[in-house]
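The next block is start.cif, given as mmCIF, C-alpha atoms.
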```cif
data_my_file
#
loop_
_atom_site.label_atom_id
_atom_site.label_comp_id
_atom_site.auth_asym_id
_atom_site.auth_seq_id
_atom_site.Cartn_x
_atom_site.Cartn_y
_atom_site.Cartn_z
CA MET A 47 44.96 33.68 1.99
CA GLU A 48 44.52 32.28 5.52
CA ALA A 49 41.03 31.16 6.50
CA SER A 50 41.00 33.76 9.27
CA ASP A 51 41.37 36.53 6.68
CA THR A 52 38.27 35.50 4.74
CA PRO A 53 35.43 38.04 5.15
CA GLY A 54 32.54 36.90 7.31
CA SER A 55 28.96 37.89 7.98
CA GLY A 56 29.60 39.50 11.37
CA GLY A 57 26.21 38.16 12.62
CA ASP A 58 25.26 35.89 15.56
CA LEU A 59 27.72 32.96 15.78
CA SER A 60 25.86 31.07 18.51
CA GLY A 61 23.65 29.05 16.18
CA SER A 62 23.94 25.42 15.08
CA ALA A 63 26.62 24.04 12.77
CA GLY A 64 24.10 23.98 9.97
CA ASP A 65 23.22 27.63 10.55
CA GLY A 66 26.92 28.45 10.62
CA ARG A 67 27.41 26.83 7.25
CA GLU A 68 24.48 28.81 5.82
CA ARG A 69 25.88 32.01 7.23
CA ASP A 70 29.29 31.15 5.75
CA GLY A 71 27.78 30.96 2.30
CA GLY A 72 25.98 34.26 2.80
CA ALA A 73 29.06 35.89 4.25
CA LEU A 74 31.14 35.08 1.22
CA ALA A 75 28.57 36.70 -0.97
CA SER A 76 28.09 39.78 1.19
CA GLY A 77 31.79 40.42 1.90
CA SER A 78 31.17 41.51 5.54
CA PRO A 79 34.31 41.33 7.73
CA GLY A 80 34.80 39.56 11.04
CA ARG A 81 34.19 35.83 10.43
CA PRO A 82 36.56 33.73 12.62
CA ARG A 83 38.49 30.72 11.24
CA ARG A 84 36.43 27.52 11.09
CA ASP A 85 37.78 24.19 12.36
CA HIS A 86 37.26 22.52 9.01
CA GLU A 87 39.56 25.10 7.40
CA VAL A 88 42.55 24.52 9.70
CA PRO A 89 44.28 21.55 7.93
CA ALA A 90 45.17 23.44 4.74
CA SER A 91 46.62 26.44 6.58
CA SER A 92 48.38 24.30 9.20
CA GLU A 93 50.08 22.30 6.46
CA ALA A 94 51.33 25.52 4.92
CA ARG A 95 52.68 26.68 8.27
CA ASP A 96 54.33 23.33 8.98
CA ALA A 97 56.06 23.39 5.60
CA ALA A 98 57.37 26.86 6.34
CA GLU A 99 58.68 26.04 9.83
CA PRO A 100 62.49 26.00 9.93
CA PRO A 101 64.50 22.91 10.97
CA ALA A 102 66.69 22.87 14.06
CA GLU A 103 69.39 24.96 12.40
CA GLY A 104 67.04 27.94 12.11
CA ILE A 105 66.63 27.87 8.33
CA THR A 106 63.68 26.80 6.21
CA LEU A 107 63.29 23.15 5.32
CA THR A 108 63.55 23.82 1.58
CA ALA A 109 66.72 25.87 2.03
CA ALA A 110 68.28 23.13 4.15
CA LEU A 111 67.45 20.47 1.56
CA GLU A 112 68.89 22.57 -1.27
CA ALA A 113 72.09 23.22 0.67
CA ILE A 114 72.66 19.53 1.39
CA LEU A 115 71.79 18.31 -2.10
CA MET A 116 74.11 20.91 -3.62
CA VAL A 117 77.20 19.19 -2.19
CA VAL A 118 76.37 15.48 -2.46
CA ASP A 119 77.93 13.33 -5.16
CA GLU A 120 75.39 10.51 -4.97
CA PRO A 121 71.62 10.29 -4.33
CA VAL A 122 70.61 10.78 -0.68
CA ALA A 123 67.68 8.85 0.78
CA GLU A 124 64.68 10.68 2.24
CA VAL A 125 65.13 8.98 5.61
CA THR A 126 68.75 10.18 5.78
CA LEU A 127 67.72 13.77 5.08
CA ALA A 128 64.93 13.50 7.64
CA GLN A 129 67.36 12.29 10.31
CA VAL A 130 69.86 15.08 9.60
CA LEU A 131 67.18 17.79 9.63
CA GLU A 132 65.19 16.21 12.47
CA ARG A 133 61.93 16.36 10.54
CA PRO A 134 59.36 13.65 9.69
CA THR A 135 60.28 11.58 6.64
CA ALA A 136 56.90 12.20 5.04
CA GLU A 137 57.36 15.96 5.37
CA VAL A 138 60.83 15.80 3.83
CA ALA A 139 59.54 13.64 0.98
CA ALA A 140 56.74 16.11 0.27
CA ALA A 141 59.18 19.04 0.31
CA LEU A 142 61.52 17.27 -2.13
CA ARG A 143 58.69 16.57 -4.57
CA ALA A 144 57.49 20.15 -4.27
CA LEU A 145 61.00 21.44 -5.05
CA SER A 146 61.30 19.12 -8.03
CA ALA A 147 57.96 20.32 -9.41
CA GLU A 148 58.93 23.96 -8.81
CA TYR A 149 62.21 23.58 -10.73
CA THR A 150 60.40 21.93 -13.63
CA ALA A 151 57.65 24.53 -13.73
CA SER A 152 60.12 27.43 -13.69
CA GLY A 153 62.23 25.92 -16.48
CA ARG A 154 65.46 25.69 -14.49
CA GLY A 155 68.58 24.28 -16.12
CA PHE A 156 68.85 21.66 -13.40
CA ASP A 157 66.47 19.04 -12.13
CA LEU A 158 65.91 17.37 -8.75
CA ARG A 159 65.36 13.68 -9.39
CA GLU A 160 64.64 10.62 -7.28
CA VAL A 161 67.13 8.01 -8.47
CA ALA A 162 68.37 4.76 -6.92
CA GLY A 163 66.45 5.30 -3.71
CA GLY A 164 67.61 8.87 -3.16
CA TRP A 165 67.51 12.46 -4.39
CA ARG A 166 70.16 14.45 -6.26
CA PHE A 167 70.51 17.46 -8.58
CA TYR A 168 71.09 16.73 -12.28
CA THR A 169 71.49 18.86 -15.37
CA ARG A 170 68.19 18.95 -17.23
CA ALA A 171 68.25 16.79 -20.36
CA GLU A 172 67.30 19.69 -22.61
CA CYS A 173 70.47 21.50 -21.56
CA ALA A 174 72.84 18.62 -22.38
CA PRO A 175 74.09 20.13 -25.69
CA VAL A 176 75.06 23.37 -23.94
CA VAL A 177 76.91 21.50 -21.20
CA GLU A 178 78.73 19.32 -23.72
CA ARG A 179 79.82 22.37 -25.69
CA PHE A 180 81.05 24.03 -22.50
CA VAL A 181 83.09 20.96 -21.55
CA ARG A 182 84.61 20.66 -25.03
CA ASP A 183 85.49 24.34 -25.23
CA GLY A 184 86.93 24.20 -21.74
CA GLN A 185 89.57 21.70 -22.86
CA GLN A 186 91.81 24.62 -23.87
CA ALA A 187 91.46 26.46 -20.58
CA ARG A 188 94.33 26.35 -18.10
CA LEU A 189 93.96 24.21 -15.00
CA THR A 190 93.37 25.95 -11.70
CA GLN A 191 95.76 25.60 -8.79
CA ALA A 192 93.33 23.19 -7.12
CA ALA A 193 93.17 21.07 -10.28
CA LEU A 194 96.97 20.96 -10.54
CA GLU A 195 97.28 19.89 -6.90
CA THR A 196 94.68 17.16 -7.34
CA LEU A 197 96.29 15.93 -10.55
CA ALA A 198 99.66 15.74 -8.82
CA VAL A 199 98.21 13.66 -5.97
CA VAL A 200 96.61 11.25 -8.44
CA ALA A 201 99.79 11.00 -10.52
CA TYR A 202 102.01 10.12 -7.56
CA ARG A 203 99.52 8.06 -5.52
CA GLN A 204 97.56 6.23 -8.21
CA PRO A 205 95.39 4.33 -8.06
CA VAL A 206 93.80 6.54 -5.42
CA SER A 207 90.29 7.29 -4.17
CA ARG A 208 88.71 10.72 -3.92
CA ALA A 209 88.70 10.41 -0.13
CA ARG A 210 92.44 9.82 -0.15
CA VAL A 211 93.02 12.81 -2.42
CA ALA A 212 90.93 14.96 -0.09
CA ALA A 213 92.96 13.71 2.91
CA VAL A 214 96.24 14.63 1.23
CA ARG A 215 95.03 18.08 0.12
CA GLY A 216 93.05 18.77 3.28
CA VAL A 217 89.97 19.85 1.30
CA ASN A 218 87.14 18.21 -0.61
CA SER A 219 88.27 17.49 -4.17
CA ASP A 220 85.17 15.90 -5.71
CA GLY A 221 84.39 18.79 -8.05
CA VAL A 222 88.01 19.11 -9.18
CA MET A 223 88.20 15.37 -9.79
CA ARG A 224 85.13 15.51 -12.01
CA THR A 225 86.77 18.31 -14.01
CA LEU A 226 89.93 16.25 -14.52
CA VAL A 227 87.86 13.26 -15.62
CA ALA A 228 85.88 15.46 -18.04
CA ARG A 229 89.13 16.74 -19.54
CA GLY A 230 90.46 13.25 -20.04
CA LEU A 231 93.42 13.62 -17.68
CA VAL A 232 92.11 11.19 -15.06
CA GLU A 233 90.01 8.03 -15.36
CA GLU A 234 88.46 5.39 -13.12
CA ALA A 235 90.66 2.42 -12.27
CA GLY A 236 88.35 -0.04 -10.51
CA THR A 237 87.39 -0.05 -6.84
CA ASP A 238 89.22 -0.52 -3.57
CA PRO A 239 88.75 -4.12 -2.35
CA GLU A 240 88.21 -3.02 1.25
CA SER A 241 86.23 0.23 1.09
CA GLN A 242 84.73 -0.31 -2.39
CA ALA A 243 85.60 3.31 -3.14
CA VAL A 244 86.19 4.20 -6.80
CA LEU A 245 89.89 4.50 -7.61
CA TYR A 246 91.40 6.92 -10.13
CA ARG A 247 94.55 7.03 -12.23
CA THR A 248 96.05 9.28 -14.87
CA THR A 249 95.43 8.61 -18.57
CA ASN A 250 97.62 8.33 -21.64
CA TYR A 251 96.41 11.81 -22.54
CA PHE A 252 98.01 13.02 -19.31
CA LEU A 253 101.35 11.52 -20.40
CA GLU A 254 100.94 13.05 -23.84
CA LYS A 255 100.31 16.55 -22.47
CA LEU A 256 103.38 16.30 -20.20
CA GLY A 257 105.55 14.77 -22.93
CA LEU A 258 106.25 11.61 -20.93
CA ARG A 259 106.59 8.07 -22.20
CA SER A 260 105.54 6.53 -18.89
CA LEU A 261 104.91 7.43 -15.26
CA ASP A 262 108.48 6.38 -14.47
CA GLU A 263 109.60 9.66 -16.03
CA LEU A 264 107.73 11.75 -13.47
CA PRO A 265 110.15 13.88 -11.41
CA GLU A 266 111.18 12.50 -8.04
CA LEU A 267 108.83 13.80 -5.38
CA ALA A 268 111.06 13.29 -2.34
CA PRO A 269 113.10 16.52 -2.72
CA PHE A 270 109.89 18.57 -2.53
CA LEU A 271 108.46 16.90 0.60
CA PRO A 272 108.95 18.11 4.21
CA ASP A 273 111.24 16.09 6.43
CA ASP A 274 108.38 14.98 8.70
CA VAL A 275 106.13 13.76 5.90
CA GLU A 276 105.88 10.27 7.38
CA THR A 277 104.64 11.67 10.67
CA LEU A 278 102.07 13.80 8.87
CA GLU A 279 100.82 10.80 6.92
CA GLU A 280 100.40 8.78 10.12
CA GLN A 281 98.40 11.59 11.70
CA LYS A 282 96.01 11.66 8.73
#
```
As structure tokens, how would this structure be written, given the file I've shared?
Amino acid sequence: MEASDTPGSGGDLSGSAGDGRERDGGALASGSPGRPRRDHEVPASSEARDAAEPPAEGITLTAALEAILMVVDEPVAEVTLAQVLERPTAEVAAALRALSAEYTASGRGFDLREVAGGWRFYTRAECAPVVERFVRDGQQARLTQAALETLAVVAYRQPVSRARVAAVRGVNSDGVMRTLVARGLVEEAGTDPESQAVLYRTTNYFLEKLGLRSLDELPELAPFLPDDVETLEEQK
């Protein structure tokens, strides 16, 4: 409840600060309406209002943080989030800790953790057995069109980074890549010496599922490419 909503005595307010404090105590007991908000009560309510003020985009700070953290694939620093949302770093840090505590208190299946100098969503440890069972059972499910496209890019361009796969497909492929890794069709193959990006390649399990002895037996890709493929690659 805001301080201005607290019942007051409704008496003379022209007295000293000491008298005001005495009247405050009496007003709380009597329940008479009309007491104005005191200066010493402003900080708590102003903090609540500041936390509820939306960032530049017109959405609440907590909603903006959740939206950003939902799509990142590595921890994001508080200062980075503060710069993007144009809010003080201390305010962003407080909001992140409040969200983390809220998720824990409500028993959510995910957790917001501060790891390696940044924040990111993680599956809660207690839910690990359920996630593992889901991943194992999902091995028999058919791959989606997006997964097949991503797998084809990796197979013909390996070793390749996620950024390169996304450039070829024209859409972010991080989630699909994680699915392929979880299913054992794709694995990490070191890092790029220039960008330090993680590189990926197909696995022996991939060859086994396709009935191939080696990657040399993959069908020729040239007949399926447009005539201006080189020009398109240069543009990307």
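Put simply, atom CA of Arg179 of chain A is 24.3 Å away from atom CA of Glu120 of chain A.
Using only C-alpha atoms, the smallest distance between any of A:Cys173, A:Tyr202, A:Asp157, A:Leu131 and Asp262 of chain A comes from A:Tyr202.
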Convert the output of the PyMOL selection byres ((chain A and resi 235) around 10) on the shown file into explicit residues, formatted as a PDB file with C-alpha atoms, in the frame of the given file.
```pdb
ATOM      1  CA  GLN A 204      97.560   6.230  -8.210  1.00  0.00           C
ATOM      2  CA  PRO A 205      95.390   4.330  -8.060  1.00  0.00           C
ATOM      3  CA  VAL A 206      93.800   6.540  -5.420  1.00  0.00           C
ATOM      4  CA  SER A 207      90.290   7.290  -4.170  1.00  0.00           C
ATOM      5  CA  VAL A 232      92.110  11.190 -15.060  1.00  0.00           C
ATOM      6  CA  GLU A 233      90.010   8.030 -15.360  1.00  0.00           C
ATOM      7  CA  GLU A 234      88.460   5.390 -13.120  1.00  0.00           C
ATOM      8  CA  GLY A 236      88.350  -0.040 -10.510  1.00  0.00           C
ATOM      9  CA  THR A 237      87.390  -0.050  -6.840  1.00  0.00           C
ATOM     10  CA  ASP A 238      89.220  -0.520  -3.570  1.00  0.00           C
ATOM     11  CA  VAL A 244      86.190   4.200  -6.800  1.00  0.00           C
ATOM     12  CA  LEU A 245      89.890   4.500  -7.610  1.00  0.00           C
ATOM     13  CA  TYR A 246      91.400   6.920 -10.130  1.00  0.00           C
ATOM     14  CA  ARG A 247      94.550   7.030 -12.230  1.00  0.00           C
ATOM     15  CA  THR A 248      96.050   9.280 -14.870  1.00  0.00           C
TER      16      THR A 248
END
```
Original post:
Could you state the separation of atom CA of Thr135 of chain A and atom CA of Gly155 of chain A in Å, given to one decimal place?
Top reply: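 Separation of atom CA of Thr135 of chain A and atom CA of Gly155 of chain A: 27.4 Å.
All residues of protein, DNA or RNA that reach within 12 Å of Arg259 of chain A, judged by all atoms listed in the file and not counting those fewer than 6 positions away in the chain, are Thr249, Asn250, Tyr251, Phe252 and Leu253 of chain A.
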**OP:** Using all atoms listed in the file, determine which residues lie at most 9 Å from Leu142 of chain A, disregarding the query and same-chain residues fewer than 4 positions distant; provide the list as a PyMOL selection string.
**Re:** chain A and resi 108+111+124+137-138+146-147+158-160+165
Restricting it to C-alpha atoms, dump the selection as a JSON list (two decimals), in the frame of the given file.
```json
[["chain", "number", "residue", "atom", "x", "y", "z"],
["A", 108, "THR", "CA", 63.55, 23.82, 1.58],
["A", 111, "LEU", "CA", 67.45, 20.47, 1.56],
["A", 124, "GLU", "CA", 64.68, 10.68, 2.24],
["A", 137, "GLU", "CA", 57.36, 15.96, 5.37],
["A", 138, "VAL", "CA", 60.83, 15.80, 3.83],
["A", 146, "SER", "CA", 61.30, 19.12, -8.03],
["A", 147, "ALA", "CA", 57.96, 20.32, -9.41],
["A", 158, "LEU", "CA", 65.91, 17.37, -8.75],
["A", 159, "ARG", "CA", 65.36, 13.68, -9.39],
["A", 160, "GLU", "CA", 64.64, 10.62, -7.28],
["A", 165, "TRP", "CA", 67.51, 12.46, -4.39]]
```
**OP:** Could you jot down the atom CA of Glu240 of chain A to atom CA of Ser260 of chain A separation for me, Å, one decimal place?
**Re:**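 Between atom CA of Glu240 of chain A and atom CA of Ser260 of chain A the gap is 28.2 Å.
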**OP:** Would you mind listing what lies within 12 Å of segment 223-225 of chain A as a ChimeraX atom specification, with only C-alpha atoms counted and same-chain residues fewer than 2 positions away left out?
**Re:** /A:119,180-182,184-185,187-190,192-200,206-212,218-221,227-234,244-248
Around segment 206-220 of chain A, with edges along x, y and z and 8 Å added on all six sides, what centre and edge lengths do you get, in Å to one decimal, as JSON?
```
{"center_x": 90.7, "center_y": 13.2, "center_z": -1.2, "size_x": 27.1, "size_y": 29.3, "size_z": 25.0}
```
Original post:
In terms of the shortest atom-to-atom distance over all atoms listed in the file, which of A:Ala128, A:Ala140, A:Ala171, A:Leu107 is closest to Arg154 of chain A?
Top reply: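 Among A:Ala128, A:Ala140, A:Ala171, A:Leu107, it is A:Ala171 that comes nearest to Arg154 of chain A.
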